[in-house]
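Chemist: Contents are CSV, C-alpha atoms; file name entry-v3.csv:
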```csv
chain,number,residue,atom,x,y,z
A,11,MET,CA,28.6,-12.8,-19.2
A,12,VAL,CA,26.7,-10.1,-21.1
A,13,LYS,CA,23.5,-12.0,-20.6
A,14,ALA,CA,24.0,-12.2,-16.9
A,15,TYR,CA,24.7,-8.5,-16.8
A,16,LEU,CA,21.6,-7.7,-18.8
A,17,ALA,CA,19.6,-10.0,-16.4
A,18,LEU,CA,21.0,-8.0,-13.5
A,19,LEU,CA,19.9,-4.7,-15.1
A,20,ALA,CA,16.4,-6.2,-15.7
A,21,VAL,CA,16.1,-7.2,-12.1
A,22,LEU,CA,17.2,-3.8,-10.9
A,23,ALA,CA,14.8,-2.1,-13.3
A,24,LEU,CA,11.9,-4.4,-12.1
A,25,GLU,CA,12.9,-3.5,-8.6
A,26,ARG,CA,12.5,0.2,-9.5
A,27,VAL,CA,9.0,-0.5,-10.9
A,28,VAL,CA,8.0,-2.2,-7.7
A,29,GLU,CA,9.4,0.8,-5.7
A,30,LEU,CA,7.4,3.2,-7.8
A,31,GLY,CA,4.2,1.4,-6.8
A,32,ILE,CA,5.2,1.5,-3.1
A,33,SER,CA,6.1,5.2,-3.5
A,34,ARG,CA,2.8,6.0,-5.2
A,35,ARG,CA,0.9,4.4,-2.3
A,36,ASN,CA,3.0,6.2,0.3
A,37,ALA,CA,2.6,9.5,-1.6
A,38,GLY,CA,-1.2,9.1,-1.5
A,39,ARG,CA,-1.2,8.5,2.2
A,40,ALA,CA,1.1,11.5,2.9
A,41,LEU,CA,-0.9,13.8,0.7
A,42,ALA,CA,-4.1,12.6,2.4
A,43,ARG,CA,-2.5,13.6,5.7
A,44,GLY,CA,-1.8,17.1,4.5
A,45,GLY,CA,1.6,16.5,2.9
A,46,ILE,CA,3.2,19.2,0.8
A,47,GLU,CA,5.1,18.2,-2.3
A,48,VAL,CA,8.1,20.3,-3.5
A,49,GLY,CA,10.6,19.7,-6.4
A,50,LYS,CA,8.2,18.6,-9.1
A,51,ARG,CA,10.3,20.1,-11.9
A,52,HIS,CA,13.5,18.3,-10.9
A,53,PHE,CA,11.6,15.1,-10.3
A,54,VAL,CA,10.7,14.9,-14.0
A,55,LEU,CA,14.4,15.1,-14.9
A,56,MET,CA,15.2,12.5,-12.2
A,57,LYS,CA,12.8,10.1,-13.8
A,58,LEU,CA,14.3,10.6,-17.2
A,59,LEU,CA,17.8,10.2,-16.0
A,60,HIS,CA,17.2,7.1,-14.0
A,61,THR,CA,15.3,5.5,-16.9
A,62,ALA,CA,18.1,6.4,-19.3
A,63,PHE,CA,20.6,4.9,-16.9
A,64,PHE,CA,19.4,1.3,-17.5
A,65,VAL,CA,19.3,1.8,-21.3
A,66,ALA,CA,22.8,3.4,-21.3
A,67,CYS,CA,24.3,0.6,-19.2
A,68,ALA,CA,23.0,-2.1,-21.6
A,69,ALA,CA,23.7,-0.1,-24.8
A,70,GLU,CA,27.3,0.7,-23.8
A,71,VAL,CA,28.1,-3.0,-22.9
A,72,ILE,CA,26.5,-4.3,-26.1
A,73,LEU,CA,27.3,-1.6,-28.7
A,74,LEU,CA,30.8,-0.8,-27.5
A,75,ARG,CA,31.5,-4.4,-26.5
A,76,ARG,CA,32.8,-3.6,-23.0
A,77,PRO,CA,34.7,-6.5,-21.6
A,78,LEU,CA,34.0,-8.0,-18.2
A,79,MET,CA,37.1,-7.5,-16.0
A,80,PRO,CA,36.8,-10.0,-13.1
A,81,PRO,CA,38.7,-7.9,-10.4
A,82,LEU,CA,36.6,-4.8,-11.3
A,83,ALA,CA,33.4,-6.9,-11.5
A,84,ILE,CA,34.0,-8.4,-8.1
A,85,ALA,CA,34.7,-5.0,-6.5
A,86,MET,CA,31.7,-3.4,-8.2
A,87,THR,CA,29.4,-6.3,-7.2
A,88,VAL,CA,30.4,-5.8,-3.6
A,89,LEU,CA,29.5,-2.1,-3.9
A,90,VAL,CA,26.2,-2.8,-5.6
A,91,LEU,CA,25.3,-5.1,-2.8
A,92,LEU,CA,26.3,-2.6,-0.1
A,93,SER,CA,24.4,0.2,-1.8
A,94,GLN,CA,21.3,-2.0,-2.0
A,95,ALA,CA,21.6,-2.8,1.7
A,96,LEU,CA,22.0,0.9,2.6
A,97,ARG,CA,19.1,1.8,0.3
A,98,TYR,CA,16.8,-0.7,1.9
A,99,TRP,CA,17.9,0.1,5.4
A,100,ALA,CA,16.8,3.7,4.6
A,101,VAL,CA,13.5,2.6,2.9
A,102,PHE,CA,12.6,0.3,5.8
A,103,THR,CA,13.5,2.9,8.4
A,104,LEU,CA,11.3,5.5,6.8
A,105,GLY,CA,8.5,2.9,6.3
A,106,ALA,CA,5.3,4.7,5.0
A,107,ARG,CA,7.2,8.0,4.8
A,108,TRP,CA,9.5,6.7,2.1
A,109,ASN,CA,8.9,8.2,-1.3
A,110,VAL,CA,10.6,8.9,-4.6
A,111,ARG,CA,9.1,12.4,-4.5
A,112,VAL,CA,9.8,15.1,-1.9
A,113,ILE,CA,6.6,15.1,0.2
A,114,VAL,CA,6.6,16.3,3.8
A,115,VAL,CA,3.8,16.2,6.3
A,116,PRO,CA,3.9,19.4,8.4
A,117,GLY,CA,4.4,18.5,12.1
A,118,ASP,CA,6.0,15.1,11.5
A,119,ALA,CA,9.3,15.0,13.2
A,120,ALA,CA,12.3,14.2,11.0
A,121,VAL,CA,13.4,10.5,11.3
A,122,THR,CA,16.6,10.1,13.4
A,123,THR,CA,16.8,6.3,13.6
A,124,GLY,CA,18.4,3.6,11.4
A,125,PRO,CA,21.0,5.0,9.0
A,126,TYR,CA,19.6,8.5,9.6
A,127,ARG,CA,21.6,8.4,12.9
A,128,TYR,CA,24.7,8.7,10.8
A,129,LEU,CA,23.8,10.3,7.5
A,130,ARG,CA,21.2,12.9,6.6
A,131,HIS,CA,20.6,11.3,3.2
A,132,PRO,CA,21.6,7.6,3.2
A,133,ASN,CA,19.4,6.7,0.3
A,134,TYR,CA,21.2,9.3,-1.9
A,135,VAL,CA,24.6,7.9,-0.8
A,136,ALA,CA,23.4,4.5,-2.0
A,137,VAL,CA,22.1,5.9,-5.3
A,138,LEU,CA,25.4,7.6,-5.9
A,139,VAL,CA,27.4,4.4,-5.2
A,140,GLU,CA,25.0,2.3,-7.3
A,141,GLY,CA,25.2,4.9,-10.1
A,142,PHE,CA,28.8,4.2,-10.8
A,143,SER,CA,29.1,0.6,-9.6
A,144,VAL,CA,26.3,-0.9,-11.7
A,145,PRO,CA,27.8,0.3,-15.0
A,146,LEU,CA,31.4,-0.4,-14.0
A,147,LEU,CA,30.5,-4.0,-13.1
A,148,HIS,CA,30.7,-4.7,-16.8
A,149,GLY,CA,33.1,-1.9,-17.8
A,150,ALA,CA,30.5,0.7,-18.9
A,151,TRP,CA,32.7,3.6,-17.8
A,152,LEU,CA,31.1,6.2,-20.1
A,153,THR,CA,27.7,5.5,-18.5
A,154,ALA,CA,29.3,5.5,-15.0
A,155,LEU,CA,31.0,8.9,-15.6
A,156,ALA,CA,28.0,10.6,-17.3
A,157,PHE,CA,25.4,9.3,-14.8
A,158,THR,CA,27.5,10.1,-11.8
A,159,LEU,CA,28.1,13.7,-12.9
A,160,LEU,CA,24.5,14.3,-13.9
A,161,ASN,CA,23.1,12.5,-10.9
A,162,THR,CA,25.3,14.4,-8.5
A,163,TRP,CA,24.1,17.7,-9.9
A,164,LEU,CA,20.5,16.5,-9.8
A,165,LEU,CA,20.8,15.3,-6.2
A,166,ALA,CA,22.3,18.6,-5.1
A,167,VAL,CA,19.1,20.3,-6.4
A,168,ARG,CA,16.9,17.6,-4.7
A,169,ILE,CA,18.7,17.8,-1.4
A,170,ARG,CA,18.3,21.6,-1.4
A,171,CYS,CA,14.5,21.1,-1.9
A,172,GLU,CA,14.2,18.3,0.6
A,173,GLU,CA,16.3,20.0,3.3
A,174,ARG,CA,14.3,23.3,3.0
A,175,ALA,CA,11.0,21.4,3.2
A,176,LEU,CA,12.1,19.4,6.2
A,177,ALA,CA,13.5,22.5,7.9
A,178,GLN,CA,10.2,24.5,7.3
A,179,HIS,CA,7.8,21.7,8.3
A,180,CYS,CA,9.6,19.0,10.4
A,181,ARG,CA,12.1,20.7,12.8
A,182,TYR,CA,14.9,19.1,10.7
A,183,GLU,CA,17.8,21.3,11.8
A,184,GLU,CA,16.8,20.9,15.4
A,185,ARG,CA,16.8,17.1,15.2
A,186,LEU,CA,19.7,16.5,12.7
A,187,GLY,CA,21.8,19.7,12.8
A,188,ALA,CA,24.9,17.9,14.0
A,189,LEU,CA,25.1,15.7,10.9
A,190,ARG,CA,26.6,16.9,7.7
A,191,ALA,CA,24.1,18.8,5.5
A,192,SER,CA,24.3,16.5,2.6
A,193,VAL,CA,26.1,13.6,1.0
A,194,THR,CA,28.6,16.1,-0.4
A,195,GLY,CA,29.1,18.0,2.9
A,196,ARG,CA,27.8,21.3,1.5
A,197,SER,CA,25.1,23.3,3.2
A,198,PHE,CA,22.0,23.9,1.2
A,199,THR,CA,19.4,26.5,1.7
A,200,GLY,CA,17.3,26.9,-1.5
A,201,CYS,CA,14.4,25.0,-3.0
A,202,ALA,CA,12.8,25.2,-6.4
A,203,PRO,CA,9.2,23.9,-6.1
```
Just give me the structure of the file as structure tokens.
Modeler:
Amino acid sequence: MVKAYLALLAVLALERVVELGISRRNAGRALARGGIEVGKRHFVLMKLLHTAFFVACAAEVILLRRPLMPPLAIAMTVLVLLSQALRYWAVFTLGARWNVRVIVVPGDAAVTTGPYRYLRHPNYVAVLVEGFSVPLLHGAWLTALAFTLLNTWLLAVRIRCEERALAQHCRYEERLGALRASVTGRSFTGCAP
């Protein structure tokens, strides 16, 4: 089962590489339209953390010989699939606006369709769920714990940046003010460029 788990990690990592290509294309288009990027400092940390995630998942399962526990594996597989569905619902809803960086085009209205009708940050909810369900699928609880804690902190920083940029340039509060301010329910106001 370890080989199947490693194959899953490889597929997810390849998926991220494809997404980076799409993101790069979308970023170029947004910047050409006058887009403004914020959060460059935390984005570097995000890239490092998400790259380390795949390495840590594999290393913990192999080096610490984590056993596959079928009931946990089944539950976590369901969560992985649900998180993937939510992520891609968000990605397809945003279309050419979707990006792994925080880039807003002044004057563009905030998106309020798809999962954005219900959540301000559905992609981040999916990332949080995936961050603990992928490692736990094969018992890598240390990776699940460490990544979840670090990623939650990093997403709090990112959400502050994103919400401020959207509020300043895209009438965000006017369009989405009734929804909770973040995946954690906290209200954010600051942004570090």
Chemist: Of the candidates A:Cys67, A:Leu58, A:Leu89, A:Ile46, which one gets nearest to A:Leu19 if we count all atoms listed in the file?
Modeler: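 For A:Leu19, the nearest of the given residues is A:Cys67.
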Chemist: With distances taken over all atoms listed in the file, which residue among A:Gly49, A:Pro116, A:Pro125, A:Pro77 lies nearest A:Ile169?
Modeler: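 Using all atoms listed in the file, the shortest distance to A:Ile169 belongs to A:Gly49.
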Chemist: Enter the distance from atom CA of A:Leu59 to atom CA of A:Ala156, in Å, rounded to one decimal.
Modeler: 10.3 Å
Chemist: Show me the residues close to (25.7, -1.5, 3.1) - anything with an atom within 12 Å, counting only C-alpha atoms - and format the list as a list in words.
Modeler: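 So the residues meeting the distance criterion are Thr87, Val88, Leu89, Val90, Leu91, Leu92, Ser93, Gln94, Ala95, Leu96, Arg97, Tyr98, Trp99, Ala100, Pro125, Pro132, Asn133, Val135, Ala136, Val137, Val139 and Glu140 of chain A.
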Chemist: Could you check how far atom CA of A:Arg170 sits from atom CA of A:Arg130, in Å to one decimal?
Modeler: 12.2 Å
Chemist: Which one of A:Val121, A:Ala150, A:His60, A:Gly105 sits closest to A:Leu164 if you count only C-alpha atoms?
Modeler: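 Residue with the minimum atom-to-atom distance to A:Leu164: A:His60.
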Chemist: Which of these, A:Ala14, A:Leu24, A:Leu146, A:Val48, has the shortest distance to A:Glu70 once you count only C-alpha atoms?
Modeler: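 Of A:Ala14, A:Leu24, A:Leu146, A:Val48, the one nearest A:Glu70 is A:Leu146, counting only C-alpha atoms.
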Chemist: From the options A:Leu82, A:Val21, A:Leu160, A:Leu152, which residue's atoms come nearest to A:Met56, counting all atoms listed in the file?
Modeler: A:Leu160
Chemist: For a test of reading the model, state the distance in Å between atom CA of A:Ala17 and atom CA of A:Tyr134, rounded to one decimal.
Modeler: 24.2 Å
Chemist: Point out the residue among A:His148, A:Arg75, A:Lys57, A:His179 with the least atom-to-atom distance to A:Asn161, counting only C-alpha atoms.
Modeler: A:Lys57
Chemist: Would you pick out the contacts of A:Gly45 at 12 Å or less, using only C-alpha atoms, so that residues sharing its chain but fewer than 4 positions from it are not included, and give the list as a list in words?
Modeler: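 In the requested format, the answer is Asn36, Ala37, Gly38, Arg39, Ala40, Leu41, Arg107, Asn109, Arg111, Val112, Ile113, Val114, Val115, Pro116, Gly117, Asp118, Ala175, Leu176, His179 and Cys180 of chain A.
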Chemist: Keeping only C-alpha atoms, write the selected residues as a PDB file, in the coordinates of the input.
Modeler:
```
ATOM      1  CA  ASN A  36       3.000   6.200   0.300  1.00  0.00           C
ATOM      2  CA  ALA A  37       2.600   9.500  -1.600  1.00  0.00           C
ATOM      3  CA  GLY A  38      -1.200   9.100  -1.500  1.00  0.00           C
ATOM      4  CA  ARG A  39      -1.200   8.500   2.200  1.00  0.00           C
ATOM      5  CA  ALA A  40       1.100  11.500   2.900  1.00  0.00           C
ATOM      6  CA  LEU A  41      -0.900  13.800   0.700  1.00  0.00           C
ATOM      7  CA  ARG A 107       7.200   8.000   4.800  1.00  0.00           C
ATOM      8  CA  ASN A 109       8.900   8.200  -1.300  1.00  0.00           C
ATOM      9  CA  ARG A 111       9.100  12.400  -4.500  1.00  0.00           C
ATOM     10  CA  VAL A 112       9.800  15.100  -1.900  1.00  0.00           C
ATOM     11  CA  ILE A 113       6.600  15.100   0.200  1.00  0.00           C
ATOM     12  CA  VAL A 114       6.600  16.300   3.800  1.00  0.00           C
ATOM     13  CA  VAL A 115       3.800  16.200   6.300  1.00  0.00           C
ATOM     14  CA  PRO A 116       3.900  19.400   8.400  1.00  0.00           C
ATOM     15  CA  GLY A 117       4.400  18.500  12.100  1.00  0.00           C
ATOM     16  CA  ASP A 118       6.000  15.100  11.500  1.00  0.00           C
ATOM     17  CA  ALA A 175      11.000  21.400   3.200  1.00  0.00           C
ATOM     18  CA  LEU A 176      12.100  19.400   6.200  1.00  0.00           C
ATOM     19  CA  HIS A 179       7.800  21.700   8.300  1.00  0.00           C
ATOM     20  CA  CYS A 180       9.600  19.000  10.400  1.00  0.00           C
TER      21      CYS A 180
END
```
Chemist: Pull out stretch 105-133 of chain A, keep N, CA and C atoms, and write it as a PDB file, in the first residue's frame.
Modeler:
```pdb
ATOM      1  N   GLY A 105     -12.047  31.019 -12.869  1.00  0.00           N
ATOM      2  CA  GLY A 105     -11.565  31.024 -14.252  1.00  0.00           C
ATOM      3  C   GLY A 105     -10.210  31.696 -14.380  1.00  0.00           C
ATOM      4  N   ALA A 106     -10.096  32.656 -15.281  1.00  0.00           N
ATOM      5  CA  ALA A 106      -8.826  33.335 -15.533  1.00  0.00           C
ATOM      6  C   ALA A 106      -8.375  34.190 -14.349  1.00  0.00           C
ATOM      7  N   ARG A 107      -9.240  34.410 -13.371  1.00  0.00           N
ATOM      8  CA  ARG A 107      -8.854  35.173 -12.173  1.00  0.00           C
ATOM      9  C   ARG A 107      -8.118  34.314 -11.155  1.00  0.00           C
ATOM     10  N   TRP A 108      -8.234  32.983 -11.277  1.00  0.00           N
ATOM     11  CA  TRP A 108      -7.613  32.114 -10.281  1.00  0.00           C
ATOM     12  C   TRP A 108      -6.103  32.219 -10.369  1.00  0.00           C
ATOM     13  N   ASN A 109      -5.469  32.249  -9.194  1.00  0.00           N
ATOM     14  CA  ASN A 109      -4.029  32.391  -9.139  1.00  0.00           C
ATOM     15  C   ASN A 109      -3.521  31.888  -7.802  1.00  0.00           C
ATOM     16  N   VAL A 110      -2.296  31.408  -7.761  1.00  0.00           N
ATOM     17  CA  VAL A 110      -1.707  31.023  -6.480  1.00  0.00           C
ATOM     18  C   VAL A 110      -1.101  32.226  -5.777  1.00  0.00           C
ATOM     19  N   ARG A 111      -0.960  33.327  -6.484  1.00  0.00           N
ATOM     20  CA  ARG A 111      -0.474  34.575  -5.894  1.00  0.00           C
ATOM     21  C   ARG A 111      -1.681  35.469  -5.625  1.00  0.00           C
ATOM     22  N   VAL A 112      -1.487  36.492  -4.814  1.00  0.00           N
ATOM     23  CA  VAL A 112      -2.567  37.439  -4.543  1.00  0.00           C
ATOM     24  C   VAL A 112      -2.401  38.606  -5.511  1.00  0.00           C
ATOM     25  N   ILE A 113      -3.205  38.569  -6.585  1.00  0.00           N
ATOM     26  CA  ILE A 113      -3.187  39.624  -7.598  1.00  0.00           C
ATOM     27  C   ILE A 113      -4.628  40.054  -7.826  1.00  0.00           C
ATOM     28  N   VAL A 114      -4.883  41.335  -7.644  1.00  0.00           N
ATOM     29  CA  VAL A 114      -6.217  41.870  -7.907  1.00  0.00           C
ATOM     30  C   VAL A 114      -6.125  42.921  -9.001  1.00  0.00           C
ATOM     31  N   VAL A 115      -7.165  42.985  -9.815  1.00  0.00           N
ATOM     32  CA  VAL A 115      -7.243  43.998 -10.862  1.00  0.00           C
ATOM     33  C   VAL A 115      -8.227  45.056 -10.368  1.00  0.00           C
ATOM     34  N   PRO A 116      -7.741  46.286 -10.125  1.00  0.00           N
ATOM     35  CA  PRO A 116      -8.633  47.332  -9.640  1.00  0.00           C
ATOM     36  C   PRO A 116      -9.858  47.491 -10.533  1.00  0.00           C
ATOM     37  N   GLY A 117     -11.010  47.572  -9.881  1.00  0.00           N
ATOM     38  CA  GLY A 117     -12.257  47.739 -10.609  1.00  0.00           C
ATOM     39  C   GLY A 117     -13.000  46.447 -10.873  1.00  0.00           C
ATOM     40  N   ASP A 118     -12.299  45.315 -10.877  1.00  0.00           N
ATOM     41  CA  ASP A 118     -12.986  44.037 -11.043  1.00  0.00           C
ATOM     42  C   ASP A 118     -13.828  43.781  -9.798  1.00  0.00           C
ATOM     43  N   ALA A 119     -15.063  43.385  -9.996  1.00  0.00           N
ATOM     44  CA  ALA A 119     -15.929  43.068  -8.865  1.00  0.00           C
ATOM     45  C   ALA A 119     -15.536  41.719  -8.281  1.00  0.00           C
ATOM     46  N   ALA A 120     -15.657  41.584  -6.975  1.00  0.00           N
ATOM     47  CA  ALA A 120     -15.380  40.302  -6.322  1.00  0.00           C
ATOM     48  C   ALA A 120     -16.374  39.249  -6.825  1.00  0.00           C
ATOM     49  N   VAL A 121     -15.899  38.040  -6.991  1.00  0.00           N
ATOM     50  CA  VAL A 121     -16.727  36.941  -7.478  1.00  0.00           C
ATOM     51  C   VAL A 121     -17.680  36.502  -6.368  1.00  0.00           C
ATOM     52  N   THR A 122     -18.953  36.349  -6.716  1.00  0.00           N
ATOM     53  CA  THR A 122     -19.962  35.939  -5.731  1.00  0.00           C
ATOM     54  C   THR A 122     -20.769  34.734  -6.208  1.00  0.00           C
ATOM     55  N   THR A 123     -20.241  33.992  -7.161  1.00  0.00           N
ATOM     56  CA  THR A 123     -20.943  32.815  -7.672  1.00  0.00           C
ATOM     57  C   THR A 123     -20.222  31.550  -7.212  1.00  0.00           C
ATOM     58  N   GLY A 124     -20.770  30.404  -7.580  1.00  0.00           N
ATOM     59  CA  GLY A 124     -20.147  29.133  -7.214  1.00  0.00           C
ATOM     60  C   GLY A 124     -20.018  29.009  -5.710  1.00  0.00           C
ATOM     61  N   PRO A 125     -18.898  28.464  -5.233  1.00  0.00           N
ATOM     62  CA  PRO A 125     -18.735  28.291  -3.785  1.00  0.00           C
ATOM     63  C   PRO A 125     -18.585  29.621  -3.049  1.00  0.00           C
ATOM     64  N   TYR A 126     -18.298  30.688  -3.798  1.00  0.00           N
ATOM     65  CA  TYR A 126     -18.144  32.010  -3.183  1.00  0.00           C
ATOM     66  C   TYR A 126     -19.482  32.574  -2.709  1.00  0.00           C
ATOM     67  N   ARG A 127     -20.575  31.919  -3.065  1.00  0.00           N
ATOM     68  CA  ARG A 127     -21.889  32.271  -2.506  1.00  0.00           C
ATOM     69  C   ARG A 127     -21.964  31.905  -1.039  1.00  0.00           C
ATOM     70  N   TYR A 128     -21.191  30.890  -0.638  1.00  0.00           N
ATOM     71  CA  TYR A 128     -21.285  30.324   0.694  1.00  0.00           C
ATOM     72  C   TYR A 128     -20.074  30.605   1.575  1.00  0.00           C
ATOM     73  N   LEU A 129     -18.913  30.726   0.961  1.00  0.00           N
ATOM     74  CA  LEU A 129     -17.658  30.928   1.687  1.00  0.00           C
ATOM     75  C   LEU A 129     -16.841  32.018   1.013  1.00  0.00           C
ATOM     76  N   ARG A 130     -16.140  32.795   1.801  1.00  0.00           N
ATOM     77  CA  ARG A 130     -15.249  33.785   1.200  1.00  0.00           C
ATOM     78  C   ARG A 130     -14.005  33.128   0.615  1.00  0.00           C
ATOM     79  N   HIS A 131     -13.538  32.069   1.224  1.00  0.00           N
ATOM     80  CA  HIS A 131     -12.280  31.447   0.799  1.00  0.00           C
ATOM     81  C   HIS A 131     -12.418  29.927   0.672  1.00  0.00           C
ATOM     82  N   PRO A 132     -13.239  29.461  -0.266  1.00  0.00           N
ATOM     83  CA  PRO A 132     -13.437  28.009  -0.388  1.00  0.00           C
ATOM     84  C   PRO A 132     -12.168  27.250  -0.740  1.00  0.00           C
ATOM     85  N   ASN A 133     -11.290  27.844  -1.529  1.00  0.00           N
ATOM     86  CA  ASN A 133     -10.051  27.168  -1.886  1.00  0.00           C
ATOM     87  C   ASN A 133      -9.195  26.923  -0.649  1.00  0.00           C
TER      88      ASN A 133
END
```
